[in-house]
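K.L.:
start25.csv (CSV, C-alpha atoms) pasted underneath:
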```csv
chain,number,residue,atom,x,y,z
A,1,MET,CA,-8.5,-9.4,-2.2
A,2,LYS,CA,-11.0,-8.4,0.5
A,3,LEU,CA,-10.8,-4.8,-0.5
A,4,LYS,CA,-11.8,-5.7,-4.1
A,5,TYR,CA,-15.1,-7.1,-2.8
A,6,LEU,CA,-15.7,-4.2,-0.4
A,7,ARG,CA,-15.7,-1.5,-3.1
A,8,HIS,CA,-19.2,-1.9,-4.4
A,9,PRO,CA,-20.9,-2.0,-0.9
A,10,LEU,CA,-18.9,1.1,0.1
A,11,ARG,CA,-19.9,2.9,-3.0
A,12,THR,CA,-23.5,1.9,-2.5
A,13,LEU,CA,-23.4,3.2,1.1
A,14,SER,CA,-21.9,6.5,0.0
A,15,ARG,CA,-24.6,6.9,-2.7
A,16,ALA,CA,-27.3,6.1,-0.3
A,17,LYS,CA,-26.0,8.8,2.1
A,18,ARG,CA,-26.0,11.4,-0.6
A,19,LEU,CA,-29.5,10.5,-1.6
A,20,CYS,CA,-30.7,10.8,2.0
A,21,ASP,CA,-28.9,14.2,2.4
A,22,ALA,CA,-30.5,15.4,-0.8
A,23,ARG,CA,-34.0,14.4,0.4
A,24,LEU,CA,-33.5,16.0,3.8
A,25,SER,CA,-32.3,19.2,2.1
A,26,MET,CA,-35.2,19.2,-0.3
A,27,ARG,CA,-37.7,18.8,2.5
A,28,SER,CA,-36.1,21.5,4.6
A,29,PHE,CA,-36.2,23.9,1.7
A,30,ALA,CA,-39.8,23.0,0.8
A,31,ASN,CA,-40.9,23.7,4.3
A,32,HIS,CA,-39.0,26.9,4.5
A,33,GLY,CA,-40.6,28.0,1.2
A,34,ARG,CA,-44.1,27.3,2.5
A,35,ARG,CA,-43.5,29.6,5.5
A,36,LYS,CA,-41.7,32.2,3.4
A,37,PHE,CA,-44.4,32.5,0.7
A,38,LYS,CA,-47.5,31.9,2.9
A,39,GLY,CA,-50.3,34.2,1.6
A,40,ASP,CA,-48.4,34.9,-1.7
A,41,PRO,CA,-51.0,34.5,-4.5
A,42,ARG,CA,-48.2,33.0,-6.7
A,43,TYR,CA,-47.8,30.1,-4.2
A,44,ASN,CA,-50.3,27.7,-5.7
A,45,LEU,CA,-49.1,24.1,-6.3
A,46,GLN,CA,-51.3,24.0,-9.5
A,47,ASN,CA,-48.8,26.4,-11.0
A,48,VAL,CA,-46.2,23.6,-10.9
A,49,THR,CA,-48.5,21.0,-12.3
A,50,ASP,CA,-49.5,23.3,-15.2
A,51,GLY,CA,-45.8,24.2,-15.8
A,52,PHE,CA,-44.8,20.6,-16.1
A,53,ALA,CA,-47.6,19.6,-18.5
A,54,SER,CA,-46.2,18.3,-21.8
A,55,HIS,CA,-46.8,20.3,-24.9
A,56,LEU,CA,-44.7,18.3,-27.4
A,57,ASP,CA,-44.7,19.7,-30.9
A,58,THR,CA,-44.5,17.0,-33.5
A,59,ALA,CA,-45.4,19.0,-36.6
A,60,GLY,CA,-43.0,19.8,-39.5
A,61,ASP,CA,-39.8,18.3,-40.8
A,62,ASP,CA,-36.4,19.4,-39.5
A,63,THR,CA,-34.3,17.3,-41.9
A,64,GLU,CA,-32.6,20.2,-43.8
A,65,LEU,CA,-31.7,21.9,-40.5
A,66,LEU,CA,-30.5,18.7,-38.9
A,67,ASP,CA,-28.4,17.8,-41.9
A,68,ARG,CA,-26.5,21.1,-41.5
A,69,ILE,CA,-26.0,20.5,-37.8
A,70,CYS,CA,-24.7,17.0,-38.2
A,71,THR,CA,-22.2,18.1,-40.9
A,72,ALA,CA,-20.8,20.8,-38.6
A,73,TYR,CA,-20.7,18.4,-35.7
A,74,ILE,CA,-18.8,15.7,-37.6
A,75,LYS,CA,-16.3,18.2,-38.8
A,76,ALA,CA,-15.7,19.6,-35.3
A,77,VAL,CA,-15.3,16.2,-33.8
A,78,ALA,CA,-12.8,15.1,-36.5
A,79,ARG,CA,-10.8,18.3,-35.9
A,80,GLN,CA,-10.7,17.8,-32.1
A,81,GLU,CA,-8.2,14.9,-32.5
A,82,ASP,CA,-5.5,17.4,-33.5
A,83,ILE,CA,-6.3,20.4,-31.3
A,84,ALA,CA,-4.4,21.5,-28.2
A,85,ASP,CA,-5.4,19.9,-24.9
A,86,ILE,CA,-6.5,23.3,-23.5
A,87,TYR,CA,-9.5,23.2,-25.8
A,88,LYS,CA,-10.5,19.5,-25.3
A,89,ALA,CA,-13.5,18.6,-23.1
A,90,THR,CA,-13.0,18.3,-19.4
A,91,GLU,CA,-12.9,14.9,-17.8
A,92,TRP,CA,-16.4,15.6,-16.4
A,93,TRP,CA,-17.8,16.4,-19.9
A,94,GLN,CA,-16.1,13.3,-21.3
A,95,GLN,CA,-18.0,11.2,-18.7
A,96,VAL,CA,-21.2,12.9,-19.7
A,97,ARG,CA,-20.5,12.1,-23.4
A,98,ARG,CA,-19.9,8.4,-22.6
A,99,GLY,CA,-23.1,8.3,-20.6
A,100,SER,CA,-26.1,10.5,-21.1
A,101,LEU,CA,-25.0,11.9,-24.4
A,102,GLU,CA,-24.2,8.6,-26.1
A,103,ARG,CA,-27.5,8.4,-28.0
A,104,VAL,CA,-27.4,11.9,-29.3
A,105,ARG,CA,-23.7,11.6,-30.3
A,106,HIS,CA,-24.5,8.5,-32.3
A,107,ALA,CA,-27.4,10.2,-34.0
A,108,LEU,CA,-25.3,13.2,-34.9
A,109,LEU,CA,-22.5,11.1,-36.3
A,110,GLU,CA,-24.8,8.8,-38.3
A,111,HIS,CA,-27.1,11.6,-39.6
A,112,ASP,CA,-30.0,9.8,-37.9
A,113,PHE,CA,-32.5,12.7,-38.4
A,114,GLY,CA,-35.5,10.8,-37.0
A,115,ALA,CA,-33.8,10.1,-33.7
A,116,LEU,CA,-32.3,13.6,-33.5
A,117,GLN,CA,-35.6,15.3,-34.2
A,118,ALA,CA,-37.3,13.2,-31.5
A,119,MET,CA,-34.6,14.1,-28.9
A,120,TYR,CA,-34.3,17.8,-29.8
A,121,ARG,CA,-38.0,18.5,-29.9
A,122,ASN,CA,-38.1,17.2,-26.3
A,123,PHE,CA,-34.7,18.3,-25.2
A,124,TYR,CA,-35.9,20.0,-21.9
A,125,ARG,CA,-37.0,16.5,-20.8
A,126,ASP,CA,-34.5,14.4,-22.7
A,127,SER,CA,-31.0,13.3,-21.7
A,128,CYS,CA,-29.6,15.0,-24.8
A,129,SER,CA,-29.5,18.2,-22.7
A,130,THR,CA,-27.6,16.7,-19.7
A,131,GLY,CA,-25.3,19.3,-18.1
A,132,LEU,CA,-27.1,22.2,-19.8
A,133,LEU,CA,-30.2,22.7,-17.7
A,134,GLY,CA,-29.8,23.8,-14.1
A,135,VAL,CA,-32.5,21.5,-12.6
A,136,PRO,CA,-32.9,20.4,-9.0
A,137,TYR,CA,-31.6,17.0,-8.0
A,138,GLY,CA,-33.7,14.0,-8.9
A,139,MET,CA,-36.1,15.9,-11.2
A,140,SER,CA,-36.4,13.2,-13.9
A,141,THR,CA,-37.9,10.7,-11.5
A,142,SER,CA,-39.7,13.0,-9.2
A,143,TYR,CA,-41.3,15.3,-11.8
A,144,PHE,CA,-41.6,13.4,-15.0
A,145,GLY,CA,-42.7,10.0,-13.8
A,146,GLY,CA,-46.4,10.7,-13.3
A,147,PRO,CA,-48.3,12.9,-10.8
A,148,ILE,CA,-45.9,15.1,-8.9
A,149,LYS,CA,-45.9,14.7,-5.1
A,150,ASP,CA,-46.9,17.7,-3.1
A,151,ILE,CA,-43.5,17.8,-1.3
A,152,HIS,CA,-41.8,18.1,-4.7
A,153,ARG,CA,-44.2,20.8,-5.9
A,154,HIS,CA,-43.6,22.8,-2.7
A,155,PHE,CA,-39.8,22.5,-3.3
A,156,TYR,CA,-39.8,23.5,-6.9
A,157,LEU,CA,-42.4,26.4,-6.4
A,158,SER,CA,-40.3,27.8,-3.6
A,159,HIS,CA,-37.1,27.4,-5.7
A,160,VAL,CA,-38.6,29.4,-8.6
A,161,LEU,CA,-40.3,32.1,-6.5
A,162,TYR,CA,-37.0,32.8,-4.7
A,163,ARG,CA,-35.3,33.2,-8.1
A,164,LEU,CA,-38.1,35.4,-9.6
A,165,ASP,CA,-37.9,37.8,-6.6
A,166,TYR,CA,-34.1,37.8,-6.9
A,167,TRP,CA,-34.4,38.5,-10.7
A,168,SER,CA,-36.8,41.4,-10.0
A,169,THR,CA,-34.4,42.9,-7.5
A,170,GLN,CA,-31.3,42.4,-9.6
A,171,THR,CA,-32.9,44.0,-12.7
A,172,ASP,CA,-34.4,47.0,-10.6
A,173,ASN,CA,-37.9,45.8,-11.3
A,174,GLN,CA,-37.7,47.0,-14.9
A,175,PHE,CA,-39.4,43.9,-16.3
A,176,VAL,CA,-42.6,41.9,-16.1
A,177,LEU,CA,-43.1,38.2,-16.0
A,178,SER,CA,-44.0,38.0,-19.7
A,179,ASP,CA,-40.4,39.2,-20.5
A,180,LEU,CA,-39.3,35.7,-19.3
A,181,ALA,CA,-41.4,33.9,-21.9
A,182,GLY,CA,-39.4,31.9,-24.4
A,183,PRO,CA,-40.2,30.0,-27.6
A,184,GLN,CA,-42.1,26.7,-27.2
A,185,LEU,CA,-39.2,24.7,-28.4
A,186,GLY,CA,-37.9,21.5,-26.8
A,187,ASN,CA,-41.1,21.0,-24.7
A,188,PRO,CA,-40.0,23.4,-21.9
A,189,PHE,CA,-41.2,23.0,-18.3
A,190,GLY,CA,-41.2,25.3,-15.3
A,191,ILE,CA,-44.1,27.0,-13.5
A,192,ARG,CA,-47.0,28.8,-15.1
A,193,LEU,CA,-48.0,32.1,-13.7
A,194,GLY,CA,-51.1,33.5,-15.4
A,195,ASP,CA,-50.6,33.1,-19.1
A,196,THR,CA,-46.8,32.9,-18.9
A,197,LEU,CA,-44.7,29.7,-18.6
A,198,ILE,CA,-41.5,30.5,-16.8
A,199,PRO,CA,-39.1,27.9,-18.3
A,200,VAL,CA,-36.4,26.5,-16.0
A,201,GLY,CA,-33.4,28.8,-15.9
A,202,ALA,CA,-35.2,31.7,-17.6
A,203,GLU,CA,-34.6,34.2,-14.8
A,204,TYR,CA,-30.8,33.8,-14.8
A,205,ALA,CA,-30.5,33.7,-18.5
A,206,HIS,CA,-32.6,36.9,-18.9
A,207,TYR,CA,-30.5,38.6,-16.1
A,208,CYS,CA,-27.3,37.8,-18.0
A,209,SER,CA,-28.7,39.1,-21.2
A,210,HIS,CA,-29.8,42.3,-19.4
A,211,ARG,CA,-26.3,42.8,-17.9
A,212,ILE,CA,-24.8,42.5,-21.3
A,213,GLY,CA,-27.3,44.8,-22.8
A,214,LEU,CA,-26.4,47.5,-20.3
A,215,LEU,CA,-22.8,47.5,-21.6
A,216,LEU,CA,-23.8,47.6,-25.3
A,217,GLY,CA,-23.9,50.9,-27.1
A,218,ALA,CA,-26.6,52.1,-29.4
A,219,ALA,CA,-24.8,51.0,-32.6
A,220,GLU,CA,-24.7,47.4,-33.9
A,221,SER,CA,-22.4,45.3,-31.7
A,222,ALA,CA,-20.9,41.9,-31.5
A,223,VAL,CA,-21.0,39.7,-28.4
A,224,ALA,CA,-19.0,36.5,-27.9
A,225,GLU,CA,-19.9,33.9,-25.3
A,226,ILE,CA,-17.7,31.1,-24.1
A,227,GLY,CA,-19.9,28.2,-23.0
A,228,GLY,CA,-23.4,29.3,-24.2
A,229,GLY,CA,-25.1,25.9,-23.4
A,230,PHE,CA,-28.3,25.3,-25.4
A,231,GLY,CA,-28.6,29.1,-26.2
A,232,ASN,CA,-30.9,30.2,-23.3
A,233,MET,CA,-29.2,33.5,-22.7
A,234,ALA,CA,-28.6,34.0,-26.4
A,235,TYR,CA,-32.3,33.8,-27.1
A,236,TYR,CA,-33.1,36.8,-24.9
A,237,LEU,CA,-30.1,38.7,-26.2
A,238,LEU,CA,-31.1,38.2,-29.8
A,239,ARG,CA,-34.8,38.8,-29.1
A,240,ASP,CA,-34.2,42.1,-27.3
A,241,ARG,CA,-31.2,43.5,-29.3
A,242,PRO,CA,-32.1,43.3,-33.0
A,243,GLY,CA,-29.0,43.9,-35.2
A,244,LEU,CA,-26.7,42.3,-32.7
A,245,THR,CA,-24.1,39.7,-33.9
A,246,TYR,CA,-23.8,36.8,-31.5
A,247,LEU,CA,-20.9,34.3,-31.3
A,248,ASN,CA,-20.8,31.2,-29.1
A,249,PHE,CA,-17.8,29.0,-28.5
A,250,ASP,CA,-18.5,25.6,-26.9
A,251,VAL,CA,-18.1,21.8,-27.0
A,252,PRO,CA,-19.6,20.2,-30.1
A,253,GLU,CA,-22.6,18.5,-28.4
A,254,SER,CA,-23.7,21.8,-26.9
A,255,LEU,CA,-23.2,23.6,-30.2
A,256,ALA,CA,-25.4,21.1,-32.0
A,257,LEU,CA,-28.3,21.6,-29.6
A,258,SER,CA,-27.9,25.4,-29.5
A,259,SER,CA,-27.8,25.4,-33.3
A,260,TYR,CA,-31.2,23.7,-33.4
A,261,TYR,CA,-32.7,25.9,-30.7
A,262,LEU,CA,-31.6,29.2,-32.0
A,263,MET,CA,-32.1,28.4,-35.7
A,264,LYS,CA,-35.7,27.3,-34.9
A,265,ALA,CA,-36.3,30.4,-32.7
A,266,PHE,CA,-34.9,32.8,-35.3
A,267,PRO,CA,-35.4,31.4,-38.8
A,268,ARG,CA,-34.8,34.7,-40.5
A,269,LEU,CA,-31.3,35.3,-39.0
A,270,LYS,CA,-28.2,34.3,-40.9
A,271,PHE,CA,-26.2,31.5,-39.1
A,272,LEU,CA,-22.6,30.4,-39.6
A,273,LEU,CA,-21.7,26.9,-38.3
A,274,TYR,CA,-18.3,25.3,-38.2
A,275,GLY,CA,-16.8,24.3,-41.5
A,276,GLU,CA,-19.1,26.4,-43.6
A,277,GLN,CA,-16.8,29.4,-43.9
A,278,GLY,CA,-13.6,30.8,-42.3
A,279,LEU,CA,-14.0,32.9,-39.2
A,280,THR,CA,-12.9,36.2,-40.8
A,281,GLN,CA,-13.9,39.7,-40.1
A,282,LYS,CA,-16.0,39.7,-43.3
A,283,ALA,CA,-17.8,36.5,-42.2
A,284,ILE,CA,-18.6,38.1,-38.8
A,285,ALA,CA,-20.0,41.2,-40.4
A,286,GLU,CA,-22.2,39.2,-42.7
A,287,SER,CA,-23.6,36.8,-40.0
A,288,ASP,CA,-26.1,37.3,-37.2
A,289,VAL,CA,-25.2,34.2,-35.2
A,290,ILE,CA,-21.9,32.2,-35.3
A,291,LEU,CA,-21.6,28.9,-33.5
A,292,MET,CA,-18.1,27.5,-33.2
A,293,PRO,CA,-16.1,24.9,-31.3
A,294,LEU,CA,-13.8,26.2,-28.6
A,295,PHE,CA,-10.6,25.8,-30.6
A,296,GLN,CA,-11.9,28.4,-33.0
A,297,LEU,CA,-11.2,31.1,-30.3
A,298,ASP,CA,-7.7,31.1,-31.8
A,299,ALA,CA,-9.2,32.1,-35.2
A,300,LEU,CA,-11.3,35.0,-34.0
A,301,PRO,CA,-9.8,38.2,-35.5
A,302,LYS,CA,-8.2,40.9,-33.3
A,303,ALA,CA,-10.6,43.4,-31.8
A,304,SER,CA,-13.6,41.7,-33.5
A,305,VAL,CA,-16.1,41.7,-30.7
A,306,ASP,CA,-17.3,44.4,-28.3
A,307,ILE,CA,-18.1,42.2,-25.3
A,308,CYS,CA,-16.9,38.7,-24.3
A,309,PHE,CA,-19.1,36.9,-21.7
A,310,SER,CA,-18.7,33.7,-19.8
A,311,SER,CA,-20.8,32.2,-17.0
A,312,HIS,CA,-19.2,29.3,-15.1
A,313,ALA,CA,-17.7,27.7,-18.2
A,314,MET,CA,-14.2,28.9,-17.3
A,315,SER,CA,-14.3,28.1,-13.6
A,316,ASP,CA,-12.7,24.6,-13.9
A,317,LEU,CA,-9.9,25.5,-16.4
A,318,SER,CA,-6.3,24.5,-15.6
A,319,PRO,CA,-3.9,27.4,-15.1
A,320,ILE,CA,-2.4,26.7,-18.6
A,321,ALA,CA,-5.8,26.7,-20.2
A,322,MET,CA,-6.9,29.8,-18.3
A,323,ASP,CA,-3.9,31.7,-19.6
A,324,ALA,CA,-4.6,30.6,-23.2
A,325,TYR,CA,-8.3,31.6,-23.0
A,326,MET,CA,-7.4,35.0,-21.4
A,327,ALA,CA,-4.8,35.7,-24.1
A,328,ASN,CA,-7.5,35.3,-26.7
A,329,ILE,CA,-10.0,37.3,-24.8
A,330,ALA,CA,-7.6,40.2,-24.4
A,331,ARG,CA,-6.8,40.0,-28.1
A,332,PHE,CA,-10.3,39.9,-29.6
A,333,THR,CA,-12.3,42.0,-27.1
A,334,ARG,CA,-12.8,45.7,-27.8
A,335,SER,CA,-14.7,46.9,-24.8
A,336,PHE,CA,-15.7,44.6,-21.9
A,337,PHE,CA,-15.1,41.1,-20.5
A,338,LEU,CA,-18.0,40.1,-18.2
A,339,TYR,CA,-17.4,37.0,-16.2
A,340,ILE,CA,-19.4,35.0,-13.6
A,341,GLY,CA,-17.7,32.2,-11.6
A,342,ASN,CA,-16.8,30.9,-8.3
A,343,ARG,CA,-14.5,32.6,-5.8
A,344,LYS,CA,-11.4,30.5,-6.5
A,345,ALA,CA,-11.6,30.9,-10.3
A,346,SER,CA,-12.4,34.7,-10.0
A,347,GLU,CA,-9.3,35.2,-7.8
A,348,SER,CA,-7.0,33.2,-10.0
A,349,MET,CA,-8.3,35.0,-13.1
A,350,GLY,CA,-7.8,38.4,-11.5
A,351,ALA,CA,-4.3,37.6,-10.5
A,352,LEU,CA,-3.5,36.4,-14.1
A,353,ILE,CA,-5.0,39.4,-15.7
A,354,ASN,CA,-3.1,41.8,-13.4
A,355,ARG,CA,0.1,40.0,-14.2
A,356,LYS,CA,-0.1,39.5,-17.9
A,357,TYR,CA,-3.1,41.4,-19.5
A,358,PRO,CA,-3.0,45.0,-18.2
A,359,SER,CA,-5.2,46.2,-21.0
A,360,LEU,CA,-8.1,44.6,-19.1
A,361,ASN,CA,-8.9,46.7,-16.0
A,362,LEU,CA,-11.3,45.4,-13.3
A,363,THR,CA,-14.0,48.0,-13.0
A,364,ASP,CA,-16.8,46.2,-11.2
A,365,THR,CA,-17.0,43.3,-8.8
A,366,ARG,CA,-20.3,42.2,-7.2
A,367,PHE,CA,-21.4,39.1,-5.2
A,368,SER,CA,-23.7,36.9,-7.3
A,369,GLY,CA,-26.4,35.3,-5.3
A,370,TRP,CA,-27.8,33.2,-8.1
A,371,HIS,CA,-26.0,30.1,-7.0
A,372,SER,CA,-26.4,30.6,-3.2
A,373,HIS,CA,-28.0,27.7,-1.4
A,374,LYS,CA,-31.2,29.7,-1.0
A,375,ILE,CA,-31.6,31.0,-4.5
A,376,SER,CA,-30.4,27.8,-6.2
A,377,GLY,CA,-32.9,25.7,-4.3
A,378,ALA,CA,-30.3,23.5,-2.8
A,379,GLY,CA,-31.4,24.2,0.8
A,380,VAL,CA,-31.5,27.1,3.3
A,381,GLY,CA,-27.8,26.6,4.0
A,382,GLY,CA,-27.3,29.5,6.4
A,383,ALA,CA,-24.0,31.5,6.5
A,384,ALA,CA,-21.9,28.4,5.9
A,385,GLY,CA,-23.9,27.3,2.9
A,386,LEU,CA,-23.8,30.8,1.5
A,387,ALA,CA,-20.0,31.0,1.8
A,388,ALA,CA,-19.5,27.6,0.2
A,389,SER,CA,-21.6,28.6,-2.8
A,390,ALA,CA,-20.2,32.1,-3.2
A,391,MET,CA,-20.0,33.3,-6.8
A,392,PHE,CA,-18.8,36.6,-8.2
A,393,GLU,CA,-19.7,38.7,-11.2
A,394,GLN,CA,-16.7,40.7,-12.5
A,395,ARG,CA,-16.5,43.3,-15.3
A,396,TYR,CA,-13.2,44.1,-17.0
A,397,THR,CA,-13.0,47.2,-19.2
A,398,ARG,CA,-10.6,47.5,-22.0
A,399,THR,CA,-8.1,50.3,-21.6
A,400,THR,CA,-5.4,51.8,-23.8
A,401,ILE,CA,-1.9,51.1,-22.5
A,402,LYS,CA,0.2,54.2,-23.1
A,403,GLN,CA,3.6,53.5,-24.5
A,404,THR,CA,6.5,55.3,-22.9
A,405,SER,CA,9.6,56.3,-24.9
A,406,HIS,CA,13.1,56.2,-23.4
A,407,GLY,CA,16.3,57.9,-24.4
```
Will you turn the file into structure tokens for me?
P.N.:
Amino acid sequence: MKLKYLRHPLRTLSRAKRLCDARLSMRSFANHGRRKFKGDPRYNLQNVTDGFASHLDTAGDDTELLDRICTAYIKAVARQEDIADIYKATEWWQQVRRGSLERVRHALLEHDFGALQAMYRNFYRDSCSTGLLGVPYGMSTSYFGGPIKDIHRHFYLSHVLYRLDYWSTQTDNQFVLSDLAGPQLGNPFGIRLGDTLIPVGAEYAHYCSHRIGLLLGAAESAVAEIGGGFGNMAYYLLRDRPGLTYLNFDVPESLALSSYYLMKAFPRLKFLLYGEQGLTQKAIAESDVILMPLFQLDALPKASVDICFSSHAMSDLSPIAMDAYMANIARFTRSFFLYIGNRKASESMGALINRKYPSLNLTDTRFSGWHSHKISGAGVGGAAGLAASAMFEQRYTRTTIKQTSHG
């Protein structure tokens, strides 16, 4: 009986320790950034204040668009009851659904367009985007609750400047800051440098789009992404590669938000949502953007996309689920599979591909520093921190398996 009454104090103590560790890490990184960027004209705390200023757009009526999104969401949720476990949400995402996403799920199921419009027009700062924005710990209280303390501005500015410098290096200094500008949808926040708002996560999303673009040929192509989030990477890819067909496979809540974001950003493109038409080769050829729940991976026609891309979304799959995903990827991918994930998942995936999917040949592996302690803003970390956060980017190239005849 005594243990029953000890649980809550122990949990409270554990949470307090995590909070304390996070604050110490934040202060350490903020002080490190101050020294690192001393004398850098970009290092101006006002850039953070300006970047977090609200510019909420309340004009117009999204009812027609939201009705279409709600219809697709309801059909996807209803179908999920019968799908294989490998395509069901992870336990972590189910917890997010029951918590932060409860309001938006209810609005989607009830066709509550007023509530949806309010949330989606402010999604960068609303809980409806929980799990989809890579923001530093404690941001909602430290950055959106009034004037931002200097220590938090130092932390976030250091975090973004590290990432901007890494983005420049990883893209061979081919781009300028204005290339990171995005649509003013969802009331984005970040830092403002000159006339350009650098939205949170823009550097990584643009980098991924750039890496995919390097693999695409001159002709019109099709790219499938597994776990596209709210459509951040897709925005840059569609903006910079006109004529491209983009397909995203994700959980229904993420699909609903990405549908809103991309359809608002590209109103002239033709979109296909779940339940509107079968996922045939003809439908792919006639669409610009296709947004489907994960179980529709089974329906994607053979050799129907040029590149399949996934960043982190497959890192936590069970061995059985990983095998099912890879079977589909090997079936529908014509040219390249580009994957970014943690060391354990990368090694497991590599072993599985070598054993069962020889048509996919590993042609490039590189360390990805995007999620290192320093670049992620989690803290300086040192060698131990770098090893703990090691991520890898791997490119698999489709090869033709020669058949041998016997006798």
K.L.:
Which residues are close to segment 160-174 of chain A, i.e. within 10 Å by all atoms listed in the file, leaving aside same-chain residues fewer than 6 positions away? Reply as an MDAnalysis selection string.
P.N.:
chainID A and resid 33 36:37 40 42:43 48 180 190:191 198:208 210:211 368:371 374:377
K.L.:
Give as JSON, numbers by chain the set of residues within 10 Å of the point (-23.4, 39.6, -24.8), where distances use the file's coordinates and all atoms listed in the file.
P.N.:
{"A": [208, 209, 210, 211, 212, 213, 214, 215, 216, 221, 222, 223, 224, 225, 233, 234, 237, 238, 241, 244, 245, 246, 247, 248, 305, 306, 307, 308, 309, 310, 336, 337, 338]}
K.L.:
Calculated over only C-alpha atoms, which of the candidates A:Tyr124, A:Tyr274, A:Tyr396, A:Tyr325 has the smallest distance to Gly350 of chain A?
P.N.:
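Between A:Tyr124, A:Tyr274, A:Tyr396, A:Tyr325, the residue approaching Gly350 of chain A most closely is A:Tyr396.
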K.L.:
Which is closest to Leu262 of chain A among A:Asp179, A:Asn328, A:Tyr120, A:Arg103, if we use only C-alpha atoms?
P.N.:
A:Tyr120
K.L.:
Which residue out of A:Thr365, A:Thr58, A:Ala345, A:Asn31 has the minimum interatomic distance to His159 of chain A when all atoms listed in the file are used?
P.N.:
A:Asn31
K.L.:
For the interface of segment 30-110 of chain A with segment 279-295 of chain A (cut-off 7 Å, counting only C-alpha atoms), please tabulate each contacting residue of segment 30-110 of chain A alongside its nearest pair of atoms and their separation in Å to one decimal, rows sorted by chain and increasing number, as a tab-separated table.
P.N.:
```
residue	atom	partner	partner_atom	distance
A:Ala76	CA	A:Pro293	CA	6.7
A:Ile83	CA	A:Phe295	CA	6.9
A:Tyr87	CA	A:Phe295	CA	5.6
```
K.L.:
So how far away is atom CA of Met119 of chain A from atom CA of Val251 of chain A, in Å?
P.N.:
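Here the two named atoms are 18.3 Å from each other.
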K.L.:
Kindly indicate which residue among A:Lys344, A:Gly114, A:Arg34, A:Ala218 lies nearest to His152 of chain A, using all atoms listed in the file for the distances.
P.N.:
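Between A:Lys344, A:Gly114, A:Arg34, A:Ala218, the residue approaching His152 of chain A most closely is A:Arg34.
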K.L.:
Which is closest to Met349 of chain A among A:Arg331, A:Arg27, A:Arg395, A:Lys75, if we use all atoms listed in the file?
P.N.:
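Ranked by minimum distance to Met349 of chain A, first place goes to A:Arg395.
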K.L.:
Under the rule that all atoms listed in the file are counted, which of A:Pro41, A:Gly217, A:Pro242, A:Pro252 is the nearest residue to Leu193 of chain A?
P.N.:
A:Pro41
K.L.:
Do you have the atom CA of Glu393 of chain A-atom CA of Ser348 of chain A distance handy?
P.N.:
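Separation between atom CA of Glu393 of chain A and atom CA of Ser348 of chain A: 13.9 Å.
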K.L.:
Just to confirm, what's the straight-line distance from atom CA of His55 of chain A to atom CA of Phe113 of chain A in Å (one decimal)?
P.N.:
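According to the coordinates, atom CA of His55 of chain A and atom CA of Phe113 of chain A are separated by 21.1 Å.
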K.L.:
Just want the 12 Å neighbourhood of Gly51 of chain A, counted on all atoms listed in the file, with same-chain residues fewer than 5 positions away dropped. Output as a PyMOL selection string.
P.N.:
chain A and resi 44-46+143-144+148+153+156-157+160+187-200
